[in-house]
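One structure is given here, and the rest of the page talks about it.
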Amino acid sequence: MDLILEGIVRAFRLLIQGDPAVIKITLLSLAISLSATAISLVIGITLGTVIGLNVFRGRRFLVSLINTGMGSPPVVVGLIVSVMLWRNGPLGIFHLMYTPYAIVIAQLIISLPIITGFTMASIQQIDPKLRLQLVALGASRGQLLWLLVRDTRLPLLAAVMAGFGSIISEVGAAMMVGGNITGQTRVLTTAIVMEVGKGDFGLAIALGIILMALVYLVNLALTLIQQRSKPR
Amino acid sequence: MRQETVSTSTLALEARDISVVRGGVKVLEIPSLQVLPNEVLVVIGPNGSGKTTLLLTLAGLLRPASGTLLYQGQPATTQAELLRLHRRMAVVFQEALLLNSTVWDNVTLGLRLRGVAKEEIKTRADKWLERFGIASLAGRQARTLSGGEAKRTSLARAFVLQPDILFLDEPFNGLDSHSRQAIIDDFEGVLRETRTTTVLVTHDSNEALALAHRVIVLMDGRIRQLGSREEVFSNPVDEQVAAFVGVENIIDGVVTSNQGGIINVSIGPSSPGSIIEAVADSAAGEKVSVCIRPEEITLTVSRASSSARNSFSGTITRLVSFGAFSRVEIDCGFPLVVLVTKRSAEEMGLEKGKQIFASFKATGVHVIKR
């Protein structure tokens, strides 16, 4: 019991004092996961909208791939990215292994299918007649895509939540391609794993609280936006 | 079918040799169809007859398997040509199909997509919101509107565009009867004022009667009859069309004589002795159906001494009132349905069981060969 109590006390001291190591790890975590989510959003919404609206050969296969990707184990993604970025690997010349970029790439691969899948599903839920109505109002192809995405903004928020949530708390891939290097690639999850291994529960609990708080805040913000635009 | 001879450049829209195929079946086949400027063309037909498919094809929203669509004499086939058409027309569907936004945003959407200047958008939107009685709803979220309000919003969204052609697909369906009549009245007024070229699809022949200049009867994806409203309603080409457009009295009989184009038709075995006179070129002995529109029949309390050739006495079996009209069912040895205004029904004191005289002119009878 002492161990736990001590850990919690130390955790709060670290948080209140604003320990530089804790701050550094937190900011890096946020920077990496937010960039990965942002890139995923741009690619995923475009891809999901195009797949959702069009009928083409091989569409069903593509959709099954995306659905599989939504549940792909991060460890396997980490493995694949490692193999690609390894010094002698196909992308070895870019020297990205064990850099924050490597983690962004891995997290992008994890979140992209999730955001694409959610977009696809919400675009397909739109009444096909609404598309006709928008075309009939004089929408060009680009205007149509923009209006449809804008009109589905609520389900798309769910996509953002799910995408960000899945990568901020992911550990396997971050460890494998980032390497948990102090001050360079150490993020919240990999730091927690390491501190627990060392027996430093205080720091681990502090980081754990921050991780929980981050996930909560992001979801709270999105929920508030969602509630605000719901019918009264 | 009356042939319109109008030069291509003055047509609002023209379809040539259009066919639409779905699942290997030809669901629409239109050799030729012309929409004239400033006319209200109403397409009527039973469910599944291809009305909506025809409307979507004419509006360039559905690509036909073959055929060409000409908008103001120019082909509308490529993406750019279709966009040009779409930016000059408007469509109102049965569902309001509003975006998840305010009434104002929805009404001005088409103008914004078309790049109309801000001040002009405001002037026009204000005018049409007012015209359809929804000015006070401008700031409301579209999804909080009632069915009637949403329909008014979608009509305002269409008229604010000042379209060259307006397409409407069953626009007054699914509304409660009260707001439905009010919206139809407003729509009719606006249409008469703007003289907008209109193609309206409906399964309700009363709407066609009220609004149409010309009527297309569509059945099984083919045009069964096309003509002026009067032509279609009083001269249906066959029994199916007659039944659909609402000639409610269709009585089978046999022609007994033809004297200079005036024929006598003996009505069915159940009523020996009843003879209906009609103007037609059928020969004696021919089996025919006589069609009499309910509004062609006059009711009188005593035997009328009018010029009407046909006069029958009968008993009222049923009396139904709707709107400003009463529908009277009479047994004169054969059943007859008569439409009179509610007022005259009251003046004559019509009620079930009452003895009455029904008369109609020989020219008011439409004869179809059986």
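Each chain in the structure tokens gets a letter, A, B, ..., in the order shown, and its residues are numbered from 1; ligands are numbered from 1 in order too.
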Contact table chain A vs chain B, cut-off 9 Å, shortest pair per residue, only C-alpha atoms, as JSON lines:
```
{"residue": "A:Asp127", "atom": "CA", "partner": "B:Leu97", "partner_atom": "CA", "distance": 8.4}
{"residue": "A:Lys129", "atom": "CA", "partner": "B:Leu97", "partner_atom": "CA", "distance": 7.4}
{"residue": "A:Leu130", "atom": "CA", "partner": "B:Leu97", "partner_atom": "CA", "distance": 5.6}
{"residue": "A:Leu132", "atom": "CA", "partner": "B:Leu61", "partner_atom": "CA", "distance": 6.7}
{"residue": "A:Gln133", "atom": "CA", "partner": "B:Val91", "partner_atom": "CA", "distance": 6.9}
{"residue": "A:Leu134", "atom": "CA", "partner": "B:Gly110", "partner_atom": "CA", "distance": 8.1}
{"residue": "A:Val135", "atom": "CA", "partner": "B:His86", "partner_atom": "CA", "distance": 7.0}
{"residue": "A:Ala136", "atom": "CA", "partner": "B:His86", "partner_atom": "CA", "distance": 5.2}
{"residue": "A:Leu137", "atom": "CA", "partner": "B:Gly110", "partner_atom": "CA", "distance": 4.9}
{"residue": "A:Gly138", "atom": "CA", "partner": "B:Arg87", "partner_atom": "CA", "distance": 4.5}
{"residue": "A:Ala139", "atom": "CA", "partner": "B:Leu113", "partner_atom": "CA", "distance": 5.9}
{"residue": "A:Ser140", "atom": "CA", "partner": "B:Leu83", "partner_atom": "CA", "distance": 6.9}
{"residue": "A:Gln143", "atom": "CA", "partner": "B:Leu113", "partner_atom": "CA", "distance": 7.6}
{"residue": "A:Leu147", "atom": "CA", "partner": "B:Leu99", "partner_atom": "CA", "distance": 8.6}
{"residue": "A:Leu148", "atom": "CA", "partner": "B:Leu99", "partner_atom": "CA", "distance": 9.0}
{"residue": "A:Arg150", "atom": "CA", "partner": "B:Asn100", "partner_atom": "CA", "distance": 8.9}
{"residue": "A:Asp151", "atom": "CA", "partner": "B:Asn100", "partner_atom": "CA", "distance": 5.9}
{"residue": "A:Thr152", "atom": "CA", "partner": "B:Asn100", "partner_atom": "CA", "distance": 8.5}
{"residue": "A:Pro231", "atom": "CA", "partner": "B:Thr144", "partner_atom": "CA", "distance": 7.1}
{"residue": "A:Arg232", "atom": "CA", "partner": "B:Thr144", "partner_atom": "CA", "distance": 8.6}
```
Those of range 101-160 of chain B in DSSP helix (DSSP H, G or I), formatted as number ranges by chain: B: 103-113, 118-131, 135-137, 142-144, 147-159
Point-to-point distance from CA of Glu207 in chain B to CA of Pro294 in chain B, Å rounded to tenths: 16.6 Å
Surrounding residues of Ala358 in chain B excluding itself and chain neighbours under 2 positions, 10 Å, only C-alpha atoms, as a list in words: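 Result of the neighbour search: Ile297, Thr298, Leu299, Thr300, Val301, Ser302, Arg303, Ala304, Ala308, Asn310, Ser311, Phe312, Ser313, Gly314, Thr315, Ile330, Cys332, Leu336, Val337, Val338, Ile356 and Phe360 of chain B.
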Save the residues we just selected, C-alpha atoms, as a short mmCIF file (atom, residue, chain, number, x, y, z; two decimals), in the first residue's frame?
```
data_model
loop_
_atom_site.label_atom_id
_atom_site.label_comp_id
_atom_site.auth_asym_id
_atom_site.auth_seq_id
_atom_site.Cartn_x
_atom_site.Cartn_y
_atom_site.Cartn_z
CA ILE B 297 -73.26 15.72 -65.30
CA THR B 298 -75.91 18.15 -64.07
CA LEU B 299 -78.25 17.27 -61.23
CA THR B 300 -81.77 18.66 -60.94
CA VAL B 301 -84.60 17.99 -58.51
CA SER B 302 -87.24 17.88 -61.25
CA ARG B 303 -86.81 16.57 -64.79
CA ALA B 304 -84.78 19.16 -66.64
CA ALA B 308 -79.09 17.71 -72.70
CA ASN B 310 -79.37 12.22 -71.80
CA SER B 311 -81.55 12.43 -68.73
CA PHE B 312 -82.03 9.71 -66.13
CA SER B 313 -83.88 9.53 -62.88
CA GLY B 314 -82.20 7.79 -59.98
CA THR B 315 -81.75 7.49 -56.25
CA ILE B 330 -76.58 7.69 -57.95
CA CYS B 332 -80.22 5.04 -62.25
CA LEU B 336 -73.31 7.21 -61.92
CA VAL B 337 -70.87 9.41 -60.02
CA VAL B 338 -71.55 13.13 -60.13
CA ILE B 356 -82.93 13.04 -58.45
CA PHE B 360 -75.57 15.29 -69.56
#
```
Contacts of range 177-189 of chain A within 10 Å, only C-alpha atoms, excl. fewer than 2 positions in-chain, as a PyMOL selection string: chain A and resi 21-22+24-33+77-83+85-86+96-106+168-175+191-194+204+206-208+210-211
For CA of Phe334 in chain B and CA of Val320 in chain B, the interatomic separation in Å (one decimal):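 Separation of CA of Phe334 in chain B and CA of Val320 in chain B: 19.0 Å.
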Distance query Gly285 in chain B at most 12 Å, only C-alpha atoms, self and fewer than 4 positions along chain excluded, as a PyMOL selection string: chain B and resi 253-258+263-266+369-370
Based on the backbone DSSP call, show me all residues of range 68-250 of chain B assigned strand (DSSP E), as a PDB file with C-alpha atoms, in the first residue's frame.
```pdb
ATOM      1  CA  THR B  68     -29.903  13.366 -76.234  1.00  0.00           C
ATOM      2  CA  LEU B  69     -31.102  16.172 -74.059  1.00  0.00           C
ATOM      3  CA  LEU B  70     -31.180  19.659 -75.590  1.00  0.00           C
ATOM      4  CA  TYR B  71     -31.376  22.719 -73.360  1.00  0.00           C
ATOM      5  CA  GLN B  74     -27.861  23.171 -77.143  1.00  0.00           C
ATOM      6  CA  PRO B  75     -26.880  19.626 -76.181  1.00  0.00           C
ATOM      7  CA  MET B  89     -32.822  25.390 -63.279  1.00  0.00           C
ATOM      8  CA  ALA B  90     -34.300  24.367 -59.960  1.00  0.00           C
ATOM      9  CA  VAL B  91     -35.659  21.096 -58.596  1.00  0.00           C
ATOM     10  CA  VAL B  92     -38.103  20.483 -55.760  1.00  0.00           C
ATOM     11  CA  ILE B 165     -37.003  25.665 -65.814  1.00  0.00           C
ATOM     12  CA  LEU B 166     -38.498  24.358 -62.628  1.00  0.00           C
ATOM     13  CA  PHE B 167     -38.794  20.618 -62.000  1.00  0.00           C
ATOM     14  CA  LEU B 168     -41.031  19.284 -59.234  1.00  0.00           C
ATOM     15  CA  ASP B 169     -41.350  15.638 -58.205  1.00  0.00           C
ATOM     16  CA  THR B 197     -41.481  26.966 -67.347  1.00  0.00           C
ATOM     17  CA  THR B 198     -42.401  23.992 -65.193  1.00  0.00           C
ATOM     18  CA  VAL B 199     -42.312  20.217 -65.359  1.00  0.00           C
ATOM     19  CA  LEU B 200     -44.333  18.710 -62.516  1.00  0.00           C
ATOM     20  CA  VAL B 201     -44.612  15.027 -61.709  1.00  0.00           C
ATOM     21  CA  THR B 202     -47.604  13.754 -59.759  1.00  0.00           C
ATOM     22  CA  ARG B 214     -50.316  20.240 -71.058  1.00  0.00           C
ATOM     23  CA  VAL B 215     -50.437  16.762 -69.569  1.00  0.00           C
ATOM     24  CA  ILE B 216     -48.333  13.682 -70.214  1.00  0.00           C
ATOM     25  CA  VAL B 217     -49.808  10.360 -69.165  1.00  0.00           C
ATOM     26  CA  LEU B 218     -46.909   8.005 -68.507  1.00  0.00           C
ATOM     27  CA  MET B 219     -47.465   4.271 -68.153  1.00  0.00           C
ATOM     28  CA  ARG B 222     -43.885   5.135 -72.223  1.00  0.00           C
ATOM     29  CA  ILE B 223     -45.918   8.217 -73.056  1.00  0.00           C
ATOM     30  CA  ARG B 224     -49.459   6.912 -73.412  1.00  0.00           C
ATOM     31  CA  GLN B 225     -50.984  10.299 -74.110  1.00  0.00           C
ATOM     32  CA  LEU B 226     -49.718  13.854 -74.457  1.00  0.00           C
ATOM     33  CA  GLY B 227     -51.987  16.788 -74.996  1.00  0.00           C
ATOM     34  CA  SER B 228     -53.653  19.824 -73.553  1.00  0.00           C
ATOM     35  CA  ASN B 249     -68.086   6.810 -64.982  1.00  0.00           C
ATOM     36  CA  ILE B 250     -67.037   4.104 -67.383  1.00  0.00           C
TER      37      ILE B 250
END
```
Selected residue of minimal separation from Leu47 in chain A among A:Val76, A:Ile16, A:Ile66, A:Ala221, counting only C-alpha atoms: A:Ile66
Close residues, Ile123 in chain A itself excluded, 8 Å, only C-alpha atoms, min 2 positions apart in chain, as a list in words: Gly48, Thr49, Gly52, Leu53, Thr119, Met120, Ala121, Gln125, Ile126, Leu148, Val149 and Thr152 of chain A
